[in-house]
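**Student:** My questions will all concern the structure given below.
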Amino acid sequence: MASNGVTRVLVTGASGYVGAHVVQQLQKAGHVVRGTVRSTKNEQKIKPLKELCPDAAHELELVEADLQKEDGWASAVADCSHVIHVASPFPANNPTNEEEVIRPAVDGTMVILKAAVAAKVKRVVLTSSFVAVASFTKSGTFTEKDWNTGTNESPYNKSKTMAEKAAWDYVNELPDDSKIELAVINPSFILGPYLTSTKSTSGDVICQMLERQMPALPSISMPCIDVRDVAKAHVIAMTNDEAVGNRHILLSKNLWFQEICVILATEFKAQGYNPPTKVLPNFLVKFAAFFKTDLKQLVPQLDADIKGDNTRMREVLKIDPIPIEESVIDIGYSVIEKGWVKKTPKYKGRPQEETQENAVVDAAVEEEK
Ligand code: NAP
């Protein structure tokens, strides 16, 4: 039974790509977990959550709460010693009104922090993002001291930077008698397997690649990390005192879109998929951006080589990241198995050699007996 001063953990956005992994790891560690979802009646979202950890010592508690409403948060936080605040809108495309993303991210974070203070929660772990650290428009290596000060950022990038800043300002200004601890996690682009049945932006990008929605790729680089390492970082930051008062960049490797597609092609080409592996000349991307608004935001990022210092991830959180090639392949299989990308007639699924080898060894051991 896990304790470490942890009595019950509230995980916001339990139904999301990251949230579900956080819930699963907490349950596997023996914690009592309460998750927030927007609707407990959405069977498609709730069923996979209930099945995350069949052997859990404590059944997952689920409560309804919306980042845009104050109701529900006080009772969600009640009796929790720790809060892991993961929920935040992460749309695949920019909304016409940026406030649709910014308001739930910023106001939601504030509502949750205030509820946590009122309930005398010990520590809040906040999921921010590497986009709150770095603007992706200029090559460089970024550390936790950096803040994204870009002036032409997407609504999502603004929402993450503003929400994280608001959280630090609020916690730093709390009077001594109501102080709570804050630790922040800043993941780069997240890859790896899905535990839930709802596609999110990470899966969307991989679907577009596997479906060859573009014949060639813009020259864009993305620092990446596996979703299982992201969940692990949140769980460790919840009890590691060195995490308090700090940000933590989570990053395994910087991959260019082309490198992601080459990994996908190596695994999935023989199975009937044809991700693009050629790079579009920048002038063509700029020209196409006149007609496709989603491309417009990529133009300032062309050729920018974005790197991050992951020392705190390795030395404080003690995370030795899963090789990112494995994460790309795992998310590839997830989006096909979930039905978000059609199975081709040549699709065989994950190679079974290892399982077969194990079966042969098991049979040999049985015979020996
Ligand atoms: P996701 O699957 O879309 O998860 C987002 C979660 O936020 C969902 O559970 C969603 O609930 C919840 N949410 C959104 N708007 C809400 C609202 N108004 N009220 C209550 N809940 C709301 O995306 P994700 O990739 O797991 O993202 C999780 C967190 O990681 C976010 O904070 C995101 O900014 C951060 N992050 C993600 C990446 C990445 O590459 N994926 C990288 C860095 C940081 P519903 O299920 O009800 O929609």
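Going by the structure tokens order, chains are called A, B, ..., each with residues numbered from 1, while ligands are numbered from 1 in the order shown.
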Which residues of chain A come within 6 Å of ligand 1, and what is each one's closest atom pair and distance in Å (one decimal), counting only C-alpha atoms and all ligand atoms, sorted by chain and residue number, as JSON lines?
**Tutor:**
```
{"residue": "A:Gly13", "atom": "CA", "partner": "ligand 1", "partner_atom_place_in_ligand_line": "9 (O)", "distance": 3.3}
{"residue": "A:Ala14", "atom": "CA", "partner": "ligand 1", "partner_atom_place_in_ligand_line": "9 (O)", "distance": 5.3}
{"residue": "A:Ser15", "atom": "CA", "partner": "ligand 1", "partner_atom_place_in_ligand_line": "9 (O)", "distance": 4.3}
{"residue": "A:Gly16", "atom": "CA", "partner": "ligand 1", "partner_atom_place_in_ligand_line": "2 (O)", "distance": 3.4}
{"residue": "A:Tyr17", "atom": "CA", "partner": "ligand 1", "partner_atom_place_in_ligand_line": "26 (O)", "distance": 3.6}
{"residue": "A:Val18", "atom": "CA", "partner": "ligand 1", "partner_atom_place_in_ligand_line": "26 (O)", "distance": 3.8}
{"residue": "A:Gly19", "atom": "CA", "partner": "ligand 1", "partner_atom_place_in_ligand_line": "26 (O)", "distance": 5.8}
{"residue": "A:Val37", "atom": "CA", "partner": "ligand 1", "partner_atom_place_in_ligand_line": "47 (O)", "distance": 5.5}
{"residue": "A:Arg38", "atom": "CA", "partner": "ligand 1", "partner_atom_place_in_ligand_line": "47 (O)", "distance": 4.6}
{"residue": "A:Asp66", "atom": "CA", "partner": "ligand 1", "partner_atom_place_in_ligand_line": "19 (N)", "distance": 3.6}
{"residue": "A:Leu67", "atom": "CA", "partner": "ligand 1", "partner_atom_place_in_ligand_line": "19 (N)", "distance": 3.7}
{"residue": "A:Gln68", "atom": "CA", "partner": "ligand 1", "partner_atom_place_in_ligand_line": "18 (N)", "distance": 5.3}
{"residue": "A:Val86", "atom": "CA", "partner": "ligand 1", "partner_atom_place_in_ligand_line": "32 (O)", "distance": 4.7}
{"residue": "A:Ala87", "atom": "CA", "partner": "ligand 1", "partner_atom_place_in_ligand_line": "7 (O)", "distance": 3.4}
{"residue": "A:Ser88", "atom": "CA", "partner": "ligand 1", "partner_atom_place_in_ligand_line": "7 (O)", "distance": 4.2}
{"residue": "A:Pro89", "atom": "CA", "partner": "ligand 1", "partner_atom_place_in_ligand_line": "14 (C)", "distance": 3.9}
{"residue": "A:Phe90", "atom": "CA", "partner": "ligand 1", "partner_atom_place_in_ligand_line": "3 (O)", "distance": 5.2}
{"residue": "A:Pro104", "atom": "CA", "partner": "ligand 1", "partner_atom_place_in_ligand_line": "18 (N)", "distance": 5.3}
{"residue": "A:Thr127", "atom": "CA", "partner": "ligand 1", "partner_atom_place_in_ligand_line": "32 (O)", "distance": 5.1}
{"residue": "A:Ser128", "atom": "CA", "partner": "ligand 1", "partner_atom_place_in_ligand_line": "44 (C)", "distance": 5.7}
{"residue": "A:Ser129", "atom": "CA", "partner": "ligand 1", "partner_atom_place_in_ligand_line": "44 (C)", "distance": 4.1}
{"residue": "A:Pro187", "atom": "CA", "partner": "ligand 1", "partner_atom_place_in_ligand_line": "43 (C)", "distance": 4.4}
{"residue": "A:Ser188", "atom": "CA", "partner": "ligand 1", "partner_atom_place_in_ligand_line": "42 (C)", "distance": 5.1}
{"residue": "A:Phe189", "atom": "CA", "partner": "ligand 1", "partner_atom_place_in_ligand_line": "40 (O)", "distance": 3.7}
{"residue": "A:Ile190", "atom": "CA", "partner": "ligand 1", "partner_atom_place_in_ligand_line": "40 (O)", "distance": 3.8}
{"residue": "A:Ser200", "atom": "CA", "partner": "ligand 1", "partner_atom_place_in_ligand_line": "2 (O)", "distance": 4.6}
{"residue": "A:Ser202", "atom": "CA", "partner": "ligand 1", "partner_atom_place_in_ligand_line": "41 (N)", "distance": 5.1}
```
**Student:** Generate a file of the selected residues that holds N, CA and C atoms, formatted as a PDB file, in the first residue's frame.
**Tutor:**
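After the write, out-v2.pdb holds the following:
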```
ATOM      1  N   GLY A  13      -8.778  15.550 -15.754  1.00  0.00           N
ATOM      2  CA  GLY A  13      -8.625  15.100 -17.152  1.00  0.00           C
ATOM      3  C   GLY A  13      -8.225  13.646 -17.233  1.00  0.00           C
ATOM      4  N   ALA A  14      -8.842  12.811 -16.367  1.00  0.00           N
ATOM      5  CA  ALA A  14      -8.464  11.393 -16.301  1.00  0.00           C
ATOM      6  C   ALA A  14      -8.727  10.676 -17.624  1.00  0.00           C
ATOM      7  N   SER A  15      -9.680  11.184 -18.407  1.00  0.00           N
ATOM      8  CA  SER A  15     -10.068  10.497 -19.645  1.00  0.00           C
ATOM      9  C   SER A  15      -9.149  10.814 -20.821  1.00  0.00           C
ATOM     10  N   GLY A  16      -8.171  11.694 -20.620  1.00  0.00           N
ATOM     11  CA  GLY A  16      -7.299  12.087 -21.732  1.00  0.00           C
ATOM     12  C   GLY A  16      -6.166  11.095 -21.956  1.00  0.00           C
ATOM     13  N   TYR A  17      -5.420  11.331 -23.009  1.00  0.00           N
ATOM     14  CA  TYR A  17      -4.272  10.487 -23.405  1.00  0.00           C
ATOM     15  C   TYR A  17      -3.274  10.383 -22.242  1.00  0.00           C
ATOM     16  N   VAL A  18      -2.862  11.522 -21.699  1.00  0.00           N
ATOM     17  CA  VAL A  18      -1.891  11.535 -20.604  1.00  0.00           C
ATOM     18  C   VAL A  18      -2.570  11.138 -19.287  1.00  0.00           C
ATOM     19  N   GLY A  19      -3.752  11.716 -19.028  1.00  0.00           N
ATOM     20  CA  GLY A  19      -4.453  11.500 -17.758  1.00  0.00           C
ATOM     21  C   GLY A  19      -4.636  10.022 -17.444  1.00  0.00           C
ATOM     22  N   VAL A  37     -13.765  13.865 -14.867  1.00  0.00           N
ATOM     23  CA  VAL A  37     -14.159  13.769 -16.285  1.00  0.00           C
ATOM     24  C   VAL A  37     -15.279  14.793 -16.476  1.00  0.00           C
ATOM     25  N   ARG A  38     -15.523  15.130 -17.739  1.00  0.00           N
ATOM     26  CA  ARG A  38     -16.604  16.106 -17.934  1.00  0.00           C
ATOM     27  C   ARG A  38     -17.977  15.465 -17.800  1.00  0.00           C
ATOM     28  N   ASP A  66     -15.847  20.549 -14.745  1.00  0.00           N
ATOM     29  CA  ASP A  66     -15.505  21.221 -16.007  1.00  0.00           C
ATOM     30  C   ASP A  66     -14.629  22.424 -15.689  1.00  0.00           C
ATOM     31  N   LEU A  67     -13.562  22.591 -16.468  1.00  0.00           N
ATOM     32  CA  LEU A  67     -12.630  23.698 -16.204  1.00  0.00           C
ATOM     33  C   LEU A  67     -13.296  25.067 -16.359  1.00  0.00           C
ATOM     34  N   GLN A  68     -14.420  25.089 -17.063  1.00  0.00           N
ATOM     35  CA  GLN A  68     -15.076  26.379 -17.279  1.00  0.00           C
ATOM     36  C   GLN A  68     -16.164  26.675 -16.257  1.00  0.00           C
ATOM     37  N   VAL A  86      -3.921  17.729 -14.917  1.00  0.00           N
ATOM     38  CA  VAL A  86      -3.526  17.399 -16.298  1.00  0.00           C
ATOM     39  C   VAL A  86      -4.444  18.084 -17.312  1.00  0.00           C
ATOM     40  N   ALA A  87      -5.731  18.225 -16.967  1.00  0.00           N
ATOM     41  CA  ALA A  87      -6.737  18.682 -17.949  1.00  0.00           C
ATOM     42  C   ALA A  87      -6.424  20.054 -18.518  1.00  0.00           C
ATOM     43  N   SER A  88      -6.577  20.177 -19.817  1.00  0.00           N
ATOM     44  CA  SER A  88      -6.407  21.458 -20.510  1.00  0.00           C
ATOM     45  C   SER A  88      -6.782  21.195 -21.958  1.00  0.00           C
ATOM     46  N   PRO A  89      -7.457  22.132 -22.617  1.00  0.00           N
ATOM     47  CA  PRO A  89      -7.807  21.851 -24.015  1.00  0.00           C
ATOM     48  C   PRO A  89      -6.560  21.822 -24.901  1.00  0.00           C
ATOM     49  N   PHE A  90      -6.448  20.778 -25.725  1.00  0.00           N
ATOM     50  CA  PHE A  90      -5.322  20.664 -26.657  1.00  0.00           C
ATOM     51  C   PHE A  90      -5.894  20.326 -28.038  1.00  0.00           C
ATOM     52  N   PRO A 104     -10.355  28.111 -20.481  1.00  0.00           N
ATOM     53  CA  PRO A 104     -10.376  26.896 -19.636  1.00  0.00           C
ATOM     54  C   PRO A 104      -9.000  26.578 -19.056  1.00  0.00           C
ATOM     55  N   THR A 127       0.503  19.927 -15.102  1.00  0.00           N
ATOM     56  CA  THR A 127       1.004  19.596 -16.445  1.00  0.00           C
ATOM     57  C   THR A 127       1.045  20.874 -17.262  1.00  0.00           C
ATOM     58  N   SER A 128       2.236  21.381 -17.456  1.00  0.00           N
ATOM     59  CA  SER A 128       2.378  22.505 -18.376  1.00  0.00           C
ATOM     60  C   SER A 128       2.873  21.926 -19.697  1.00  0.00           C
ATOM     61  N   SER A 129       3.819  22.554 -20.340  1.00  0.00           N
ATOM     62  CA  SER A 129       4.301  22.045 -21.625  1.00  0.00           C
ATOM     63  C   SER A 129       5.650  22.672 -21.939  1.00  0.00           C
ATOM     64  N   PRO A 187       6.222  18.699 -20.544  1.00  0.00           N
ATOM     65  CA  PRO A 187       6.550  17.671 -21.549  1.00  0.00           C
ATOM     66  C   PRO A 187       6.688  18.274 -22.940  1.00  0.00           C
ATOM     67  N   SER A 188       7.599  17.680 -23.724  1.00  0.00           N
ATOM     68  CA  SER A 188       7.657  18.027 -25.146  1.00  0.00           C
ATOM     69  C   SER A 188       6.560  17.210 -25.847  1.00  0.00           C
ATOM     70  N   PHE A 189       6.622  17.071 -27.168  1.00  0.00           N
ATOM     71  CA  PHE A 189       5.529  16.394 -27.883  1.00  0.00           C
ATOM     72  C   PHE A 189       5.459  14.928 -27.430  1.00  0.00           C
ATOM     73  N   ILE A 190       4.236  14.491 -27.095  1.00  0.00           N
ATOM     74  CA  ILE A 190       4.090  13.186 -26.459  1.00  0.00           C
ATOM     75  C   ILE A 190       3.688  12.115 -27.475  1.00  0.00           C
ATOM     76  N   SER A 200      -6.483  12.046 -29.530  1.00  0.00           N
ATOM     77  CA  SER A 200      -6.093  13.414 -29.141  1.00  0.00           C
ATOM     78  C   SER A 200      -5.117  13.928 -30.193  1.00  0.00           C
ATOM     79  N   SER A 202      -1.870  14.224 -30.328  1.00  0.00           N
ATOM     80  CA  SER A 202      -0.706  13.373 -30.641  1.00  0.00           C
ATOM     81  C   SER A 202      -1.089  12.314 -31.674  1.00  0.00           C
TER      82      SER A 202
END
```
**Student:** For range 165-180 of chain A, please output as a PyMOL selection string all residues within 9 Å (counting only C-alpha atoms; exclusion window: fewer than 2 positions along the same chain).
**Tutor:** chain A and resi 106+109-110+113-114+116-118+120-124+126+132+160-163+182+245
**Student:** Please write the residues from the selection above to a file, keeping N, CA and C atoms, as a PDB file, in the first residue's frame.
**Tutor:**
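Ended up saving to part-v1.pdb:
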```pdb
ATOM      1  N   VAL A 106      -6.412  28.696 -18.283  1.00  0.00           N
ATOM      2  CA  VAL A 106      -5.985  29.621 -17.223  1.00  0.00           C
ATOM      3  C   VAL A 106      -6.999  29.629 -16.073  1.00  0.00           C
ATOM      4  N   THR A 109      -7.101  26.311 -14.180  1.00  0.00           N
ATOM      5  CA  THR A 109      -5.952  26.123 -13.283  1.00  0.00           C
ATOM      6  C   THR A 109      -6.161  26.905 -11.987  1.00  0.00           C
ATOM      7  N   MET A 110      -6.661  28.129 -12.114  1.00  0.00           N
ATOM      8  CA  MET A 110      -6.877  28.956 -10.924  1.00  0.00           C
ATOM      9  C   MET A 110      -7.960  28.367 -10.014  1.00  0.00           C
ATOM     10  N   LEU A 113      -6.442  25.395  -8.220  1.00  0.00           N
ATOM     11  CA  LEU A 113      -5.471  25.789  -7.184  1.00  0.00           C
ATOM     12  C   LEU A 113      -6.190  26.363  -5.967  1.00  0.00           C
ATOM     13  N   LYS A 114      -7.203  27.190  -6.214  1.00  0.00           N
ATOM     14  CA  LYS A 114      -7.930  27.785  -5.079  1.00  0.00           C
ATOM     15  C   LYS A 114      -8.660  26.703  -4.279  1.00  0.00           C
ATOM     16  N   ALA A 116      -7.716  23.653  -4.070  1.00  0.00           N
ATOM     17  CA  ALA A 116      -6.669  22.865  -3.393  1.00  0.00           C
ATOM     18  C   ALA A 116      -6.220  23.574  -2.111  1.00  0.00           C
ATOM     19  N   VAL A 117      -6.084  24.898  -2.171  1.00  0.00           N
ATOM     20  CA  VAL A 117      -5.680  25.663  -0.977  1.00  0.00           C
ATOM     21  C   VAL A 117      -6.769  25.527   0.089  1.00  0.00           C
ATOM     22  N   ALA A 118      -8.022  25.714  -0.329  1.00  0.00           N
ATOM     23  CA  ALA A 118      -9.134  25.642   0.636  1.00  0.00           C
ATOM     24  C   ALA A 118      -9.204  24.263   1.285  1.00  0.00           C
ATOM     25  N   LYS A 120      -6.710  22.348   1.872  1.00  0.00           N
ATOM     26  CA  LYS A 120      -5.409  22.072   2.520  1.00  0.00           C
ATOM     27  C   LYS A 120      -4.678  20.895   1.864  1.00  0.00           C
ATOM     28  N   VAL A 121      -4.703  20.884   0.547  1.00  0.00           N
ATOM     29  CA  VAL A 121      -3.940  19.885  -0.214  1.00  0.00           C
ATOM     30  C   VAL A 121      -2.456  20.161   0.015  1.00  0.00           C
ATOM     31  N   LYS A 122      -1.642  19.109   0.067  1.00  0.00           N
ATOM     32  CA  LYS A 122      -0.213  19.310   0.309  1.00  0.00           C
ATOM     33  C   LYS A 122       0.501  19.794  -0.957  1.00  0.00           C
ATOM     34  N   ARG A 123       0.305  19.073  -2.043  1.00  0.00           N
ATOM     35  CA  ARG A 123       1.067  19.421  -3.257  1.00  0.00           C
ATOM     36  C   ARG A 123       0.210  19.298  -4.519  1.00  0.00           C
ATOM     37  N   VAL A 124       0.421  20.246  -5.435  1.00  0.00           N
ATOM     38  CA  VAL A 124      -0.203  20.168  -6.761  1.00  0.00           C
ATOM     39  C   VAL A 124       0.906  19.963  -7.784  1.00  0.00           C
ATOM     40  N   LEU A 126       1.427  20.216 -11.723  1.00  0.00           N
ATOM     41  CA  LEU A 126       0.720  20.825 -12.853  1.00  0.00           C
ATOM     42  C   LEU A 126       1.349  20.386 -14.175  1.00  0.00           C
ATOM     43  N   ALA A 132       5.595  26.190 -23.136  1.00  0.00           N
ATOM     44  CA  ALA A 132       5.634  27.321 -22.199  1.00  0.00           C
ATOM     45  C   ALA A 132       7.082  27.736 -21.929  1.00  0.00           C
ATOM     46  N   LYS A 160      -0.922  27.536 -22.525  1.00  0.00           N
ATOM     47  CA  LYS A 160      -0.052  26.806 -21.608  1.00  0.00           C
ATOM     48  C   LYS A 160       0.891  27.760 -20.861  1.00  0.00           C
ATOM     49  N   THR A 161       1.419  28.760 -21.581  1.00  0.00           N
ATOM     50  CA  THR A 161       2.336  29.714 -20.939  1.00  0.00           C
ATOM     51  C   THR A 161       1.574  30.534 -19.892  1.00  0.00           C
ATOM     52  N   MET A 162       0.389  31.017 -20.278  1.00  0.00           N
ATOM     53  CA  MET A 162      -0.379  31.862 -19.352  1.00  0.00           C
ATOM     54  C   MET A 162      -0.836  31.074 -18.125  1.00  0.00           C
ATOM     55  N   ALA A 163      -1.273  29.827 -18.345  1.00  0.00           N
ATOM     56  CA  ALA A 163      -1.766  29.025 -17.210  1.00  0.00           C
ATOM     57  C   ALA A 163      -0.623  28.736 -16.241  1.00  0.00           C
ATOM     58  N   LEU A 182       3.971  23.448  -5.182  1.00  0.00           N
ATOM     59  CA  LEU A 182       3.688  23.309  -6.621  1.00  0.00           C
ATOM     60  C   LEU A 182       4.917  22.744  -7.322  1.00  0.00           C
ATOM     61  N   GLY A 245       8.599  23.593  -6.339  1.00  0.00           N
ATOM     62  CA  GLY A 245       9.081  24.930  -6.700  1.00  0.00           C
ATOM     63  C   GLY A 245       9.847  24.940  -8.011  1.00  0.00           C
TER      64      GLY A 245
END
```
**Student:** Could you state the separation of CA of Ala231 in chain A and CA of Leu26 in chain A in Å, given to one decimal place?
**Tutor:**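 Straight-line distance from CA of Ala231 in chain A to CA of Leu26 in chain A works out to 8.9 Å.
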**Student:** Can you list, as a VMD selection string, all residues belonging to range 96-262 of chain A that DSSP tags as strand (DSSP E)?
**Tutor:** chain A and resid 123 to 127 140 to 142 181 to 187 189 to 191 221 to 226 247 to 250 253 to 256
**Student:** Which polymer residues have any atom within 7 Å of an atom of Val341 in chain A, counting only C-alpha atoms, with same-chain residues fewer than 4 positions away left out, as a list of chain:residue names?
**Tutor:** A:Cys207, A:Val335, A:Ile336
**Student:** Write out as a ChimeraX atom specification which residues come within 8 Å of Ser219 in chain A when counting only C-alpha atoms, dropping same-chain ones fewer than 3 positions away.
**Tutor:** /A:256-258,279-282,302-303
**Student:** Once you have the residues from the selection above, write them out as an mmCIF file, in the first residue's frame, restricted to N, CA, C and O atoms.
**Tutor:**
```cif
data_model
loop_
_atom_site.group_PDB
_atom_site.id
_atom_site.type_symbol
_atom_site.label_atom_id
_atom_site.label_comp_id
_atom_site.auth_asym_id
_atom_site.auth_seq_id
_atom_site.Cartn_x
_atom_site.Cartn_y
_atom_site.Cartn_z
ATOM 1 N N TRP A 256 12.862 15.346 -36.342
ATOM 2 C CA TRP A 256 12.256 16.084 -37.446
ATOM 3 C C TRP A 256 11.062 15.269 -37.917
ATOM 4 O O TRP A 256 11.037 14.039 -37.772
ATOM 5 N N PHE A 257 10.044 15.938 -38.481
ATOM 6 C CA PHE A 257 8.882 15.211 -39.006
ATOM 7 C C PHE A 257 9.353 14.065 -39.905
ATOM 8 O O PHE A 257 8.825 12.969 -39.883
ATOM 9 N N GLN A 258 10.389 14.358 -40.711
ATOM 10 C CA GLN A 258 10.881 13.339 -41.635
ATOM 11 C C GLN A 258 11.381 12.112 -40.867
ATOM 12 O O GLN A 258 11.130 10.978 -41.276
ATOM 13 N N VAL A 279 11.049 15.789 -47.892
ATOM 14 C CA VAL A 279 10.841 17.103 -47.270
ATOM 15 C C VAL A 279 10.465 18.135 -48.333
ATOM 16 O O VAL A 279 11.073 18.197 -49.404
ATOM 17 N N LEU A 280 9.434 18.919 -48.014
ATOM 18 C CA LEU A 280 8.991 19.986 -48.924
ATOM 19 C C LEU A 280 9.973 21.155 -48.867
ATOM 20 O O LEU A 280 10.381 21.552 -47.769
ATOM 21 N N PRO A 281 10.326 21.730 -49.996
ATOM 22 C CA PRO A 281 11.143 22.950 -49.928
ATOM 23 C C PRO A 281 10.361 24.036 -49.196
ATOM 24 O O PRO A 281 9.132 24.131 -49.328
ATOM 25 N N ASN A 282 11.084 24.845 -48.419
ATOM 26 C CA ASN A 282 10.419 25.868 -47.599
ATOM 27 C C ASN A 282 9.560 26.818 -48.420
ATOM 28 O O ASN A 282 8.485 27.228 -47.983
ATOM 29 N N LEU A 302 9.951 26.767 -39.613
ATOM 30 C CA LEU A 302 10.716 26.017 -40.608
ATOM 31 C C LEU A 302 12.207 26.049 -40.292
ATOM 32 O O LEU A 302 12.756 27.123 -40.013
ATOM 33 N N ASP A 303 12.824 24.888 -40.321
ATOM 34 C CA ASP A 303 14.279 24.702 -40.097
ATOM 35 C C ASP A 303 14.734 24.993 -38.666
ATOM 36 O O ASP A 303 15.928 24.863 -38.379
#
```
**Student:** How many Å lie between CA of Thr143 in chain A and CA of Asn186 in chain A, rounded to one decimal?
**Tutor:**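 So the answer is 10.6 Å.
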**Student:** Which of these, A:Asp55, A:Leu255, A:Arg228, A:Asn246, has the shortest distance to Gln25 in chain A once you count only C-alpha atoms?
**Tutor:**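 Closest to Gln25 in chain A of all the choices is A:Arg228.
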**Student:** State, in Å with one decimal place, the distance from CA of Ser39 in chain A to CA of Ser81 in chain A.
**Tutor:**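 Straight-line distance from CA of Ser39 in chain A to CA of Ser81 in chain A works out to 23.8 Å.
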**Student:** Find the spatial neighbours of Ala265 in chain A, counting only C-alpha atoms, within a cut-off of 10 Å - ignore same-chain residues fewer than 3 positions away - and output them as number ranges by chain.
**Tutor:** A: 209-210, 259-262, 268-277, 329
**Student:** Output N, CA, C and O atoms for every residue in the selection just made, as a PDB file, in the first residue's frame.
**Tutor:**
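Produced file part-v8.pdb, reproduced below:
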```pdb
ATOM      1  N   MET A 209       0.139  11.270 -40.769  1.00  0.00           N
ATOM      2  CA  MET A 209       1.355  10.738 -41.401  1.00  0.00           C
ATOM      3  C   MET A 209       1.077   9.365 -42.024  1.00  0.00           C
ATOM      4  O   MET A 209       1.417   9.122 -43.171  1.00  0.00           O
ATOM      5  N   LEU A 210       0.425   8.470 -41.263  1.00  0.00           N
ATOM      6  CA  LEU A 210       0.169   7.122 -41.786  1.00  0.00           C
ATOM      7  C   LEU A 210      -0.781   7.162 -42.977  1.00  0.00           C
ATOM      8  O   LEU A 210      -0.699   6.343 -43.885  1.00  0.00           O
ATOM      9  N   GLU A 259      12.061  12.338 -39.733  1.00  0.00           N
ATOM     10  CA  GLU A 259      12.579  11.195 -38.962  1.00  0.00           C
ATOM     11  C   GLU A 259      11.425  10.362 -38.390  1.00  0.00           C
ATOM     12  O   GLU A 259      11.483   9.135 -38.367  1.00  0.00           O
ATOM     13  N   ILE A 260      10.370  11.046 -37.951  1.00  0.00           N
ATOM     14  CA  ILE A 260       9.204  10.305 -37.419  1.00  0.00           C
ATOM     15  C   ILE A 260       8.624   9.429 -38.535  1.00  0.00           C
ATOM     16  O   ILE A 260       8.324   8.253 -38.335  1.00  0.00           O
ATOM     17  N   CYS A 261       8.505  10.023 -39.719  1.00  0.00           N
ATOM     18  CA  CYS A 261       7.898   9.279 -40.829  1.00  0.00           C
ATOM     19  C   CYS A 261       8.786   8.134 -41.310  1.00  0.00           C
ATOM     20  O   CYS A 261       8.278   7.092 -41.735  1.00  0.00           O
ATOM     21  N   VAL A 262      10.093   8.298 -41.224  1.00  0.00           N
ATOM     22  CA  VAL A 262      10.984   7.203 -41.626  1.00  0.00           C
ATOM     23  C   VAL A 262      10.813   6.029 -40.639  1.00  0.00           C
ATOM     24  O   VAL A 262      10.742   4.869 -41.048  1.00  0.00           O
ATOM     25  N   PHE A 268       5.798   0.185 -40.921  1.00  0.00           N
ATOM     26  CA  PHE A 268       4.447  -0.016 -41.463  1.00  0.00           C
ATOM     27  C   PHE A 268       4.355  -0.088 -42.993  1.00  0.00           C
ATOM     28  O   PHE A 268       3.296  -0.390 -43.510  1.00  0.00           O
ATOM     29  N   LYS A 269       5.453   0.183 -43.702  1.00  0.00           N
ATOM     30  CA  LYS A 269       5.363   0.165 -45.166  1.00  0.00           C
ATOM     31  C   LYS A 269       4.974  -1.235 -45.662  1.00  0.00           C
ATOM     32  O   LYS A 269       4.095  -1.382 -46.510  1.00  0.00           O
ATOM     33  N   ALA A 270       5.619  -2.256 -45.088  1.00  0.00           N
ATOM     34  CA  ALA A 270       5.325  -3.626 -45.503  1.00  0.00           C
ATOM     35  C   ALA A 270       3.897  -4.012 -45.120  1.00  0.00           C
ATOM     36  O   ALA A 270       3.360  -5.013 -45.601  1.00  0.00           O
ATOM     37  N   GLN A 271       3.265  -3.220 -44.255  1.00  0.00           N
ATOM     38  CA  GLN A 271       1.887  -3.524 -43.816  1.00  0.00           C
ATOM     39  C   GLN A 271       0.870  -2.635 -44.543  1.00  0.00           C
ATOM     40  O   GLN A 271      -0.258  -2.453 -44.089  1.00  0.00           O
ATOM     41  N   GLY A 272       1.299  -2.048 -45.661  1.00  0.00           N
ATOM     42  CA  GLY A 272       0.352  -1.338 -46.520  1.00  0.00           C
ATOM     43  C   GLY A 272       0.202   0.147 -46.273  1.00  0.00           C
ATOM     44  O   GLY A 272      -0.710   0.782 -46.802  1.00  0.00           O
ATOM     45  N   TYR A 273       1.086   0.752 -45.471  1.00  0.00           N
ATOM     46  CA  TYR A 273       1.004   2.200 -45.219  1.00  0.00           C
ATOM     47  C   TYR A 273       2.173   2.905 -45.919  1.00  0.00           C
ATOM     48  O   TYR A 273       3.238   2.311 -46.091  1.00  0.00           O
ATOM     49  N   ASN A 274       1.943   4.144 -46.291  1.00  0.00           N
ATOM     50  CA  ASN A 274       2.941   4.841 -47.088  1.00  0.00           C
ATOM     51  C   ASN A 274       3.155   6.283 -46.591  1.00  0.00           C
ATOM     52  O   ASN A 274       2.820   7.237 -47.288  1.00  0.00           O
ATOM     53  N   PRO A 275       3.688   6.410 -45.371  1.00  0.00           N
ATOM     54  CA  PRO A 275       3.886   7.790 -44.870  1.00  0.00           C
ATOM     55  C   PRO A 275       4.878   8.552 -45.745  1.00  0.00           C
ATOM     56  O   PRO A 275       5.797   7.944 -46.293  1.00  0.00           O
ATOM     57  N   PRO A 276       4.686   9.870 -45.886  1.00  0.00           N
ATOM     58  CA  PRO A 276       5.620  10.636 -46.715  1.00  0.00           C
ATOM     59  C   PRO A 276       6.992  10.695 -46.051  1.00  0.00           C
ATOM     60  O   PRO A 276       7.073  10.803 -44.838  1.00  0.00           O
ATOM     61  N   THR A 277       8.051  10.603 -46.830  1.00  0.00           N
ATOM     62  CA  THR A 277       9.393  10.673 -46.228  1.00  0.00           C
ATOM     63  C   THR A 277      10.266  11.731 -46.907  1.00  0.00           C
ATOM     64  O   THR A 277      11.433  11.866 -46.586  1.00  0.00           O
ATOM     65  N   ILE A 329       6.582   3.823 -32.841  1.00  0.00           N
ATOM     66  CA  ILE A 329       5.971   2.572 -33.323  1.00  0.00           C
ATOM     67  C   ILE A 329       4.745   2.223 -32.477  1.00  0.00           C
ATOM     68  O   ILE A 329       3.696   1.841 -33.000  1.00  0.00           O
TER      69      ILE A 329
END
```
**Student:** Considering only C-alpha atoms, can you say which of A:Lys138, A:Lys348, A:Asp229, A:Val285 comes closest to Met214 in chain A?
**Tutor:** A:Val285
**Student:** Extract, using only C-alpha atoms, all DNA, RNA and protein residues at most 12 Å from Glu315 in chain A, discarding same-chain residues fewer than 4 positions from it, and format them as a list in words.
**Tutor:**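 Once the nearby chain positions are removed, what remains is Ala233, Asn240, Glu242, Ala243, His248, Ile249, Leu250, Asp309, Asn310, Thr311, Ile319, Asp320 and Pro321 of chain A.
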